[in-house]
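Q: Below is a structure I'd like to ask you about.
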Amino acid sequence: MNHNRIVCFDLEMCCWNQDGVGTTGEIIEIGLAEIDLVKSEIVKRAQYYVKPDTDEVSKFCSELTGITPRKIEKQGRSLESVVQSMIKNFGGANKIYAAWGRDDVILREECLQKKIPMPFKEFINLATLYRVQHRLKDKRIGHREAQESQGIDWEGRQHSGYVDAYNLAKLALKML
């Protein structure tokens with residue numbers, strides 16, 4: 001296990017807004033940003049688009065994420081292929097992965113449904129860690145709000161897996 005490197009990741013999923021209620025479906029993007037804790041810097045980034053097996057990218061989803069059906073059609077690959085790329089380019093079980101919230105559960109469930117091995121074993125929920133560090137016992141806080149409260153500027157469009165993973169890596173460097 002390489003404890004000097006952590007891979008921050010963020011998922012975007014097919015999503016719909018029906019009568020003000022948001023629902024999500026299959027993963028359509030995985031953004032990753034690897035940090036080196038010794039050098040205290042971001043050393044690698046990647047963005048993978050995933051072609052959903054059954055879901056479609058809605059207009060609401062495109063407006064929220066910037067991911068269009070055309071982008072998925074042109075650049076998307078199967079989740080299995082993307083997971084293989086994650087393992088090859090970022091390391092699998094020998095790395096610790098981190099996300100804001102429980103993206104690990106979402107990824108694990110979809111991998112299980114599609115009979116794909118999970119790309120990692122060790123996981124840190126940075127949202128929980130942040131709440132513990134800042135004594136926010138009963139208060140949930142969003143990633144962007146947490147980052148800005150630490151004086152770290154948000155860069156790019158929120159709800160892009162690539163952008164969110166990069167911003168999370170910046171926050172993680174301050175937290176870890």
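By convention in this document, the chains of the structure tokens carry letters A, B, ... by their order, each chain's residues are numbered from 1, and ligands are numbered from 1 in the order they are shown.
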Residues within 12 Å of range 124-131 of chain A, please, as a PyMOL selection string. Count only C-alpha atoms; anything in the same chain fewer than 3 positions from it doesn't count.
A: chain A and resi 6-10+95-105+120-121+134-147+149-150+165+168-176
Q: From chain A, collect each residue whose DSSP state is helix (DSSP H, G or I) and return the set as an NGL selection string.
A: :A and (59-65 or 69-75 or 79-90 or 103-113 or 126-133 or 143-149 or 161-175)
Q: Got a sec to tell me which of range 7-141 of chain A DSSP assigns to strand (DSSP E or B), as a ChimeraX atom specification?
A: /A:7-18,21-36,41-50,77,95-99,122-125
Q: Would you kindly return, as number ranges by chain, each protein, DNA or RNA residue with an atom no farther than 12 Å from any atom of range 81-87 of chain A, considering only C-alpha atoms and excluding same-chain residues fewer than 5 positions away?
A: A: 7-9, 27-34, 44-52, 75-76, 92-97, 107-108, 110-111, 114-121
Q: Could you write out the selected residues, including N, CA, C and O atoms, as a compact mmCIF listing (two decimals), in the first residue's frame?
A:
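The new file result34.txt reads:
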```txt
# COMPACT_ATOMS: atom_id res chain seq x y z
N VAL A 7 -5.53 9.05 -4.39
CA VAL A 7 -6.23 9.37 -5.63
C VAL A 7 -7.61 9.91 -5.27
O VAL A 7 -8.46 9.17 -4.77
N CYS A 8 -7.80 11.21 -5.49
CA CYS A 8 -9.11 11.83 -5.28
C CYS A 8 -9.94 11.59 -6.54
O CYS A 8 -9.41 11.72 -7.65
N PHE A 9 -11.20 11.22 -6.37
CA PHE A 9 -12.04 10.99 -7.54
C PHE A 9 -13.44 11.54 -7.32
O PHE A 9 -13.86 11.76 -6.19
N ILE A 27 -23.23 5.85 -14.01
CA ILE A 27 -22.06 6.73 -14.06
C ILE A 27 -21.78 7.10 -15.51
O ILE A 27 -21.80 6.24 -16.39
N ILE A 28 -21.50 8.40 -15.73
CA ILE A 28 -21.14 8.86 -17.08
C ILE A 28 -19.78 9.57 -17.11
O ILE A 28 -19.26 9.83 -18.20
N GLU A 29 -19.22 9.87 -15.95
CA GLU A 29 -17.89 10.47 -15.93
C GLU A 29 -17.20 10.12 -14.63
O GLU A 29 -17.82 10.09 -13.56
N ILE A 30 -15.89 9.86 -14.73
CA ILE A 30 -15.05 9.69 -13.55
C ILE A 30 -13.86 10.63 -13.73
O ILE A 30 -13.12 10.53 -14.70
N GLY A 31 -13.72 11.55 -12.78
CA GLY A 31 -12.57 12.45 -12.75
C GLY A 31 -11.64 12.02 -11.65
O GLY A 31 -12.09 11.60 -10.57
N LEU A 32 -10.33 12.10 -11.90
CA LEU A 32 -9.33 11.68 -10.91
C LEU A 32 -8.22 12.71 -10.82
O LEU A 32 -7.83 13.30 -11.83
N ALA A 33 -7.71 12.89 -9.61
CA ALA A 33 -6.54 13.74 -9.37
C ALA A 33 -5.73 13.09 -8.26
O ALA A 33 -6.23 12.90 -7.15
N GLU A 34 -4.49 12.74 -8.56
CA GLU A 34 -3.64 12.06 -7.58
C GLU A 34 -2.74 13.06 -6.89
O GLU A 34 -2.13 13.91 -7.53
N LYS A 44 -0.98 14.06 -10.93
CA LYS A 44 -1.60 13.43 -12.10
C LYS A 44 -3.09 13.69 -12.09
O LYS A 44 -3.71 13.71 -11.04
N ARG A 45 -3.66 13.88 -13.30
CA ARG A 45 -5.11 14.07 -13.43
C ARG A 45 -5.61 13.29 -14.63
O ARG A 45 -4.88 13.07 -15.59
N ALA A 46 -6.89 12.92 -14.58
CA ALA A 46 -7.50 12.24 -15.73
C ALA A 46 -9.01 12.43 -15.69
O ALA A 46 -9.60 12.69 -14.65
N GLN A 47 -9.59 12.26 -16.86
CA GLN A 47 -11.04 12.34 -17.03
C GLN A 47 -11.46 11.23 -17.97
O GLN A 47 -10.90 11.09 -19.05
N TYR A 48 -12.43 10.44 -17.52
CA TYR A 48 -12.94 9.34 -18.34
C TYR A 48 -14.45 9.49 -18.46
O TYR A 48 -15.14 9.65 -17.46
N TYR A 49 -14.94 9.41 -19.69
CA TYR A 49 -16.39 9.39 -19.92
C TYR A 49 -16.83 7.94 -20.06
O TYR A 49 -16.14 7.12 -20.68
N VAL A 50 -17.99 7.65 -19.49
CA VAL A 50 -18.51 6.28 -19.46
C VAL A 50 -19.83 6.24 -20.22
O VAL A 50 -20.71 7.06 -19.99
N LYS A 51 -19.94 5.28 -21.14
CA LYS A 51 -21.21 5.07 -21.85
C LYS A 51 -22.14 4.25 -20.96
O LYS A 51 -21.83 3.11 -20.61
N PRO A 52 -23.27 4.81 -20.59
CA PRO A 52 -24.21 4.03 -19.77
C PRO A 52 -24.83 2.91 -20.61
O PRO A 52 -25.01 3.06 -21.81
N GLN A 75 -16.86 10.09 -26.93
CA GLN A 75 -15.71 9.85 -26.05
C GLN A 75 -15.94 8.78 -24.98
O GLN A 75 -15.00 8.37 -24.32
N GLY A 76 -17.19 8.36 -24.82
CA GLY A 76 -17.50 7.40 -23.77
C GLY A 76 -17.03 5.99 -24.08
O GLY A 76 -16.97 5.58 -25.24
N GLY A 92 -4.37 0.34 -8.56
CA GLY A 92 -5.62 -0.17 -8.01
C GLY A 92 -5.53 -0.34 -6.51
O GLY A 92 -5.49 0.62 -5.75
N ALA A 93 -5.45 -1.59 -6.07
CA ALA A 93 -5.50 -1.92 -4.65
C ALA A 93 -4.29 -1.39 -3.88
O ALA A 93 -4.32 -1.36 -2.65
N ASN A 94 -3.25 -0.95 -4.57
CA ASN A 94 -2.07 -0.45 -3.85
C ASN A 94 -2.17 1.05 -3.56
O ASN A 94 -1.23 1.64 -3.02
N LYS A 95 -3.30 1.67 -3.90
CA LYS A 95 -3.48 3.10 -3.64
C LYS A 95 -4.71 3.31 -2.78
O LYS A 95 -5.66 2.53 -2.78
N ILE A 96 -4.70 4.44 -2.06
CA ILE A 96 -5.86 4.87 -1.28
C ILE A 96 -6.64 5.85 -2.14
O ILE A 96 -6.05 6.77 -2.72
N TYR A 97 -7.94 5.65 -2.25
CA TYR A 97 -8.80 6.55 -3.02
C TYR A 97 -9.64 7.37 -2.05
O TYR A 97 -9.94 6.92 -0.94
N LEU A 107 -19.89 3.61 -6.98
CA LEU A 107 -19.04 2.88 -7.92
C LEU A 107 -19.08 1.38 -7.63
O LEU A 107 -19.21 0.56 -8.55
N ARG A 108 -19.01 1.01 -6.36
CA ARG A 108 -19.03 -0.42 -5.98
C ARG A 108 -20.33 -1.09 -6.44
O ARG A 108 -20.31 -2.18 -7.00
N GLU A 110 -22.40 -0.16 -8.88
CA GLU A 110 -22.48 -0.29 -10.33
C GLU A 110 -21.50 -1.36 -10.84
O GLU A 110 -21.83 -2.12 -11.75
N CYS A 111 -20.32 -1.42 -10.24
CA CYS A 111 -19.37 -2.48 -10.62
C CYS A 111 -19.95 -3.86 -10.32
O CYS A 111 -19.83 -4.77 -11.14
N LYS A 114 -22.55 -4.84 -12.85
CA LYS A 114 -21.98 -5.11 -14.18
C LYS A 114 -20.86 -6.15 -14.14
O LYS A 114 -20.19 -6.38 -15.13
N LYS A 115 -20.68 -6.76 -12.95
CA LYS A 115 -19.70 -7.83 -12.76
C LYS A 115 -18.29 -7.37 -13.14
O LYS A 115 -17.54 -8.06 -13.84
N ILE A 116 -17.93 -6.20 -12.63
CA ILE A 116 -16.62 -5.60 -12.85
C ILE A 116 -15.92 -5.54 -11.49
O ILE A 116 -16.52 -5.10 -10.52
N PRO A 117 -14.64 -5.94 -11.43
CA PRO A 117 -13.93 -5.83 -10.14
C PRO A 117 -13.78 -4.36 -9.72
O PRO A 117 -13.51 -3.50 -10.55
N MET A 118 -13.95 -4.11 -8.45
CA MET A 118 -13.77 -2.76 -7.90
C MET A 118 -12.30 -2.36 -8.07
O MET A 118 -11.41 -3.15 -7.77
N PRO A 119 -12.03 -1.13 -8.54
CA PRO A 119 -10.65 -0.75 -8.83
C PRO A 119 -9.77 -0.46 -7.61
O PRO A 119 -8.56 -0.30 -7.75
N PHE A 120 -10.34 -0.38 -6.41
CA PHE A 120 -9.54 -0.10 -5.21
C PHE A 120 -10.21 -0.73 -4.00
O PHE A 120 -11.37 -1.13 -4.06
N LYS A 121 -9.43 -0.81 -2.90
CA LYS A 121 -9.96 -1.37 -1.66
C LYS A 121 -10.04 -0.33 -0.55
O LYS A 121 -10.99 -0.30 0.21
```
Q: Please compute the CA of Cys14 in chain A-CA of Glu148 in chain A distance, one decimal, in Å.
A: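 Interatomic distance here is 27.1 Å.
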Q: Which value, in Å to one decimal, gives the distance between CA of Ser40 in chain A and CA of Val163 in chain A?
A: 18.9 Å
Q: Quick one: residues within 7 Å of range 17-21 of chain A, only C-alpha atoms, excluding same-chain residues fewer than 2 positions away - as a VMD selection string?
A: chain A and resid 15 23 60
